[in-house]
Amino acid sequence: MLINLSDVLSEQHKTIEKDVAVDMTVFEAPFGRYEIVSKNLVHIVVEHVKDSELMIRGLTDLVIAVPCDRCLEEVDKAFHFDFAKNVDLNPELVDTQKEFDEKNYIDGYNLDVDKLLYNEILIGWPMKVLCSENCKGICSICGQNLNKGTCDCEDTGLDPRMSVIQDVFKNFKEV
Ligand SMILES: [Zn+2]
Ligand SMILES: [Zn+2]
């Protein structure tokens, strides 16, 4: 969804306030594709600071399905956004790479709310997602989800004396 910013620029200290729908249904990250399970309107406030400078504030909540890092089951991950961006629409400033990166959500005199939100999701992406702190993960041999059941692969409760013998055997085989 685009918001036209030319109106707010026409007058000093003018403010626009809008609740904007998000078009995005999937978050397509460089590292994966994640379904947006639920979304709310984005509350956008654009304030004319001075000259061609704007302050853009955004407020919203989203839920995105993210696989658990251990067992790969999808987890409904809640994201809360409350951000403020200072942008300058002066076209002469667009030339530097830094400005360009910061303003990929500004298209001429339009604010692309989806792109703005996309950047924020990327910045706020969690390092680690677990379905629960106690997630047992999956068996590295057969792929069984160990939260849902056991498998007959290597018993991890192996007698430590046995594992020493196993290591010795492994080393022997590698020679
Ligand atoms: Zn898990
Ligand atoms: Zn297994």
# chains A, B, ... in the order shown; residues from 1 in each chain; ligands from 1
>>> select_by_dssp(residues="chain A", states="alpha helix (DSSP H)", output="ChimeraX atom specification")
/A:6-9,97-102,113-123,160-174
>>> residues_near_ligand(ligand="ligand 2", cutoff="9 Å", atoms="only C-alpha atoms and all ligand atoms", output="PyMOL selection string")
chain A and resi 138-146+150-154
>>> residues_near_ligand(ligand="ligand 1", cutoff="7 Å", atoms="only C-alpha atoms and all ligand atoms", output="ChimeraX atom specification")
/A:68-73,130-132,135-137
>>> write_last_selection(atoms="N, CA, C and O atoms", output="PDB file, in the first residue's frame")
ATOM      1  N   CYS A  68      10.657 -24.111  13.923  1.00  0.00           N
ATOM      2  CA  CYS A  68      11.512 -24.275  15.105  1.00  0.00           C
ATOM      3  C   CYS A  68      12.916 -24.671  14.641  1.00  0.00           C
ATOM      4  O   CYS A  68      13.062 -25.500  13.747  1.00  0.00           O
ATOM      5  N   ASP A  69      13.937 -24.063  15.246  1.00  0.00           N
ATOM      6  CA  ASP A  69      15.317 -24.355  14.856  1.00  0.00           C
ATOM      7  C   ASP A  69      15.709 -25.805  15.123  1.00  0.00           C
ATOM      8  O   ASP A  69      16.619 -26.334  14.510  1.00  0.00           O
ATOM      9  N   ARG A  70      15.049 -26.444  16.075  1.00  0.00           N
ATOM     10  CA  ARG A  70      15.438 -27.816  16.425  1.00  0.00           C
ATOM     11  C   ARG A  70      14.588 -28.873  15.726  1.00  0.00           C
ATOM     12  O   ARG A  70      15.112 -29.841  15.197  1.00  0.00           O
ATOM     13  N   CYS A  71      13.235 -28.704  15.745  1.00  0.00           N
ATOM     14  CA  CYS A  71      12.381 -29.788  15.225  1.00  0.00           C
ATOM     15  C   CYS A  71      11.683 -29.425  13.916  1.00  0.00           C
ATOM     16  O   CYS A  71      11.020 -30.272  13.320  1.00  0.00           O
ATOM     17  N   LEU A  72      11.836 -28.160  13.457  1.00  0.00           N
ATOM     18  CA  LEU A  72      11.276 -27.684  12.188  1.00  0.00           C
ATOM     19  C   LEU A  72       9.749 -27.549  12.161  1.00  0.00           C
ATOM     20  O   LEU A  72       9.176 -27.188  11.144  1.00  0.00           O
ATOM     21  N   GLU A  73       9.075 -27.818  13.274  1.00  0.00           N
ATOM     22  CA  GLU A  73       7.630 -27.581  13.354  1.00  0.00           C
ATOM     23  C   GLU A  73       7.399 -26.071  13.309  1.00  0.00           C
ATOM     24  O   GLU A  73       8.156 -25.301  13.904  1.00  0.00           O
ATOM     25  N   LEU A 130      12.347 -21.333  18.858  1.00  0.00           N
ATOM     26  CA  LEU A 130      12.107 -22.678  19.387  1.00  0.00           C
ATOM     27  C   LEU A 130      10.620 -22.828  19.676  1.00  0.00           C
ATOM     28  O   LEU A 130       9.976 -21.894  20.150  1.00  0.00           O
ATOM     29  N   CYS A 131      10.058 -24.024  19.397  1.00  0.00           N
ATOM     30  CA  CYS A 131       8.649 -24.266  19.698  1.00  0.00           C
ATOM     31  C   CYS A 131       8.454 -24.279  21.206  1.00  0.00           C
ATOM     32  O   CYS A 131       7.407 -23.888  21.705  1.00  0.00           O
ATOM     33  N   SER A 132       9.472 -24.730  21.920  1.00  0.00           N
ATOM     34  CA  SER A 132       9.474 -24.646  23.371  1.00  0.00           C
ATOM     35  C   SER A 132      10.919 -24.769  23.832  1.00  0.00           C
ATOM     36  O   SER A 132      11.766 -25.326  23.117  1.00  0.00           O
ATOM     37  N   CYS A 135      12.287 -28.208  23.637  1.00  0.00           N
ATOM     38  CA  CYS A 135      12.165 -28.968  22.391  1.00  0.00           C
ATOM     39  C   CYS A 135      13.301 -29.977  22.279  1.00  0.00           C
ATOM     40  O   CYS A 135      14.464 -29.644  22.475  1.00  0.00           O
ATOM     41  N   LYS A 136      12.931 -31.229  21.962  1.00  0.00           N
ATOM     42  CA  LYS A 136      13.935 -32.294  21.898  1.00  0.00           C
ATOM     43  C   LYS A 136      14.547 -32.414  20.504  1.00  0.00           C
ATOM     44  O   LYS A 136      15.460 -33.202  20.286  1.00  0.00           O
ATOM     45  N   GLY A 137      13.993 -31.667  19.547  1.00  0.00           N
ATOM     46  CA  GLY A 137      14.554 -31.696  18.202  1.00  0.00           C
ATOM     47  C   GLY A 137      14.176 -32.942  17.428  1.00  0.00           C
ATOM     48  O   GLY A 137      13.238 -33.647  17.784  1.00  0.00           O
TER      49      GLY A 137
END
>>> closest_residue(among="A:Ser10, A:Asn147, A:Phe81, A:Leu116", to="A:Glu133", atoms="only C-alpha atoms")
A:Asn147
>>> residues_around(residues="A:Asp112", least_positions_apart="6", cutoff="7 Å", atoms="only C-alpha atoms", output="PyMOL selection string")
chain A and resi 1-3+105-106
>>> closest_residue(among="A:Val129, A:Ala78, A:Val46, A:Leu89", to="A:Ile16", atoms="only C-alpha atoms")
A:Val46
>>> atom_distance(atom1="atom CA of A:Asp23", atom2="atom CA of A:Gly58")
15.6 Å
>>> atom_distance(atom1="atom CA of A:Val20", atom2="atom CA of A:Asn110")
13.4 Å
>>> residues_around(residues="stretch 120-122 of chain A", least_positions_apart="4", cutoff="10 Å", atoms="only C-alpha atoms", output="list in words")
Phe27, Glu28, Ala29, Pro30, Gly58, Leu62, Ile64, Phe79, His80, Phe81, Asp82, Phe83, Asp114, Lys115, Leu116 and Pro126 of chain A
>>> select_by_dssp(residues="chain A", states="strand (DSSP E)", output="VMD selection string")
chain A and resid 2 to 4 15 to 20 26 to 29 32 to 39 42 to 50 53 to 67 74 to 88 106 to 107 110 to 112
>>> atom_distance(atom1="atom CA of A:Asn90", atom2="atom CA of A:Glu17")
21.9 Å
>>> residues_around(residues="A:Lys50", least_positions_apart="6", cutoff="12 Å", atoms="only C-alpha atoms", output="list of chain:residue names")
A:Val8, A:Leu9, A:Ser10, A:Glu11, A:Gln12, A:His13, A:Lys14, A:Thr15, A:Asn86, A:Val87, A:Asp88, A:Leu89, A:Asn90
>>> write_last_selection(atoms="C-alpha atoms", output="mmCIF file, in the first residue's frame")
data_model
loop_
_atom_site.group_PDB
_atom_site.id
_atom_site.type_symbol
_atom_site.label_atom_id
_atom_site.label_comp_id
_atom_site.auth_asym_id
_atom_site.auth_seq_id
_atom_site.Cartn_x
_atom_site.Cartn_y
_atom_site.Cartn_z
ATOM 1 C CA VAL A 8 2.332 16.472 3.862
ATOM 2 C CA LEU A 9 5.330 18.191 2.243
ATOM 3 C CA SER A 10 3.250 21.098 1.030
ATOM 4 C CA GLU A 11 2.962 22.634 4.477
ATOM 5 C CA GLN A 12 5.476 22.986 7.299
ATOM 6 C CA HIS A 13 4.738 20.860 10.396
ATOM 7 C CA LYS A 14 1.816 19.179 8.754
ATOM 8 C CA THR A 15 1.091 15.639 9.942
ATOM 9 C CA ASN A 86 13.846 10.175 9.586
ATOM 10 C CA VAL A 87 13.910 10.586 5.807
ATOM 11 C CA ASP A 88 14.822 13.376 3.467
ATOM 12 C CA LEU A 89 12.990 13.448 0.153
ATOM 13 C CA ASN A 90 15.449 15.835 -1.449
#
>>> closest_residue(among="A:Ile56, A:Val37, A:Val49, A:Val66", to="A:Leu117", atoms="only C-alpha atoms")
A:Ile56
>>> closest_residue(among="A:Val113, A:Ala84, A:Val45, A:Asp51", to="A:Ala21", atoms="only C-alpha atoms")
A:Val113
